[in-house]
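Student: There's a structure below that I have some questions on.
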Amino acid sequence: MRRQTSDKRHLKSSTWSLILLLAVFGIALSSCRRIDFGLMRQEHTEAFTRELAERSTLELSSEQPIGLQQCIEIALRNNLNVKASEIDKRLASLNRKIAFSNFLPHLDASFDTVSSLKHQMVKAGGGYVPMSDQTVTEGTLRAQQAIFAPQTWFLYDAYVKGEDISNLLARRTQNMIRLQVTSLYFSCLLQEESRPSIEASLQKAMTLLSETEALARESLAMPSQVEQLRTMVKASEAELAVNQEAQRVARAALLEAMGLSPSVPITIKKETPIVVPDQEIEDQILSAMLNRPEIQVSDRVVEISKDQTRIAISKFLPQISGFSGLSASSDSFLKYSSNLNYGVSAVLTVFDGFRNVFQYQSARESEKQASTYRERRCLEIMLEVIQARSRYEQVCEQLAVAQQEVLAADLYLKETQAKWREGILVTSERLEALMRHTRANMNLNGTEFQVQVAAATLLDVMGMAPEGETVE
């Protein structure tokens with residue numbers, strides 16, 4: 001009777017084990033199903049375009065023109081590079097928390113149920129006696145706590161510095177987005193402000209062509225002059241078309257940098273020009289050395305390399321930890337169904353083929369390398385400031401020349417028009433004055449754009465925002 005009860009219990013346990021095995025096998029088969037990537041691409045495209053359109057509508061809900069600062073704020077909220085850097089920050093924070101878990105006790109619980117097809121017995125005298133129950137259930141709770149593990153402290157300290165690095169890199173990403181949006185913003189302004197000059201030039205060229213055609217009919221102008229003016233009109237029309245396309249592309253690039261749909265309409269307004277503080281170049285270099293995130297990242301890389309050296313030293317020391325475990329068993333053959341064990345363990349590496357020695361030497365060299373990289377980055381940033389300041393001063397000089405050129409071209413055009421009305425000027429001279437006036441205004445608009453971009457670049461390499469404030 002006892003044997004039949006045992007067999008029924010074993011059959012029931014085997015049935016449940018088979019059901020569990022089939023369930024695991026079914027889950028494995030479902031995870032290996034073939035994925036329809038075409039359908040996945042279609043679903044993602046529809047969802048992405050819908051979400052992008054909603055985001056663009058929300059950010060540009062107002063019909064009022066937006067300025068540079070608003071463009072930057074929208075970009076910092078929606079640019080995907082900024083979002084990726086924020087994710088990196090959260091990952092670094094999680095890694096630091098994972099490293100901190102090494103200071104806390106580790107608890108493990110296990111539960112096992114073992115059934116034998118045959119009731120195991122041992123030979124005793126002329127017969128056999130059972131050595132354990134045919135089905136045994138065991139449970140164990142284990143705890144382990146590090147007592148002396150110095151490398152854990154240094155490793156955690158390195159992860160803390162790694163979190164700081166991710167914050168600094170996120171800040172640098174934001175700075176780069178600020179500079180990119182600023183450049184694209186002024187590119188849009190350049191194209192928009194160039195259009196009136198092109199339209200005025202086209203209108204003047206068409207008027208001059210009409211007058212010259214009338215003179216040609218009276219044999220007072222050469223046919224070549226008429227054709228030259230027609231060429232100028234066609235060139236102005238083509239330039240107007242190019243400007244319109246350039247505006248569309250510039251707006252699309254600005255919207256993409258802002259994390260919005262490149263196809264939505266946007267109207268921008270001209271704000272106060274970017275102003276560079278009046279400082280000596282030494283002060284600008286000092287500002288860059290103190291504020292650039294890259295230098296601050298290099299400082300932490302140097303300290304992490306020192307932590308690696310300390311970790312290499314700690315491997316020569318013993319690692320001490322305490323442990324305890326509580327176990328319980330359903331085996332009726334045991335005298336004590338539950339038991340508690342505890343103790344202390346210490347591990348000291350005696351000889352590992354000089355690996356610890358070489359790792360220490362390698363860590364020392366890595367520390368020197370990190371210091372060298374930091375010094376090299378300092379020199380590179382100093383050069384960047386010098387180059388950016390030189391570029392800014394050059395375009396400022398070019399702006400003064402362009403302004404003087406526009407003034408001269410305006411006066412020359414007025415004089416030629418007066419002479420033309422008096423009939424003492426030939427067509428070619430008036431045409432030259434008109435082309436000179438157009439080129440001067442186009443050059444002025446382009447130079448003003450270059451000045452603003454050069455100013456934003458100089459502020460960026462100094463570790464400052466386009467508004468002239470230090471970026472935190």
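Chains: A, B, ... in order of the structure tokens. Residues: from 1 per chain. Ligands: from 1, in order shown.
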Can you pull out every residue from range 1-208 of chain A that DSSP, working from the backbone, puts in strand (DSSP E), and format the result as a PyMOL selection string?

Tutor: chain A and resi 106-115+121-124+127-130+135-148

Student: Which residues of range 107-205 of chain A come within 8 Å of range 315-331 of chain A, and what is each one's closest atom pair and distance in Å (one decimal), counting only C-alpha atoms, sorted by chain and residue number, as a Markdown table?

Tutor:
| residue | atom | partner | partner_atom | distance |
| --- | --- | --- | --- | --- |
| A:Ser132 | CA | A:Asp331 | CA | 6.3 |
| A:Asp133 | CA | A:Asp331 | CA | 5.7 |
| A:Thr135 | CA | A:Asp331 | CA | 7.9 |
| A:Val136 | CA | A:Asp331 | CA | 5.4 |
| A:Thr137 | CA | A:Ser330 | CA | 5.3 |
| A:Glu138 | CA | A:Ser329 | CA | 4.3 |
| A:Gly139 | CA | A:Ala328 | CA | 5.2 |
| A:Thr140 | CA | A:Ser327 | CA | 4.2 |
| A:Leu141 | CA | A:Leu326 | CA | 5.1 |
| A:Arg142 | CA | A:Gly325 | CA | 4.2 |
| A:Ala143 | CA | A:Ser324 | CA | 5.3 |
| A:Gln144 | CA | A:Phe323 | CA | 4.3 |
| A:Gln145 | CA | A:Gly322 | CA | 5.3 |
| A:Ala146 | CA | A:Ser321 | CA | 4.2 |
| A:Ile147 | CA | A:Ser321 | CA | 4.8 |
| A:Phe148 | CA | A:Ile320 | CA | 4.9 |
| A:Ala149 | CA | A:Gln319 | CA | 5.3 |
| A:Gln151 | CA | A:Lys315 | CA | 7.4 |

Student: Take CA of Ser305 in chain A and CA of Arg96 in chain A and report the distance between them in Å, one decimal.

Tutor: 16.8 Å

Student: As an exercise, work out the distance from CA of Met462 in chain A to CA of Val385 in chain A in Å and give it to one decimal place.

Tutor: 6.8 Å

Student: With only C-alpha atoms as the atoms that count, which of A:Arg178, A:Arg364, A:Lys269, A:Lys97 lies nearest to Leu190 in chain A?

Tutor: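 Ranked by minimum distance to Leu190 in chain A, first place goes to A:Lys269.
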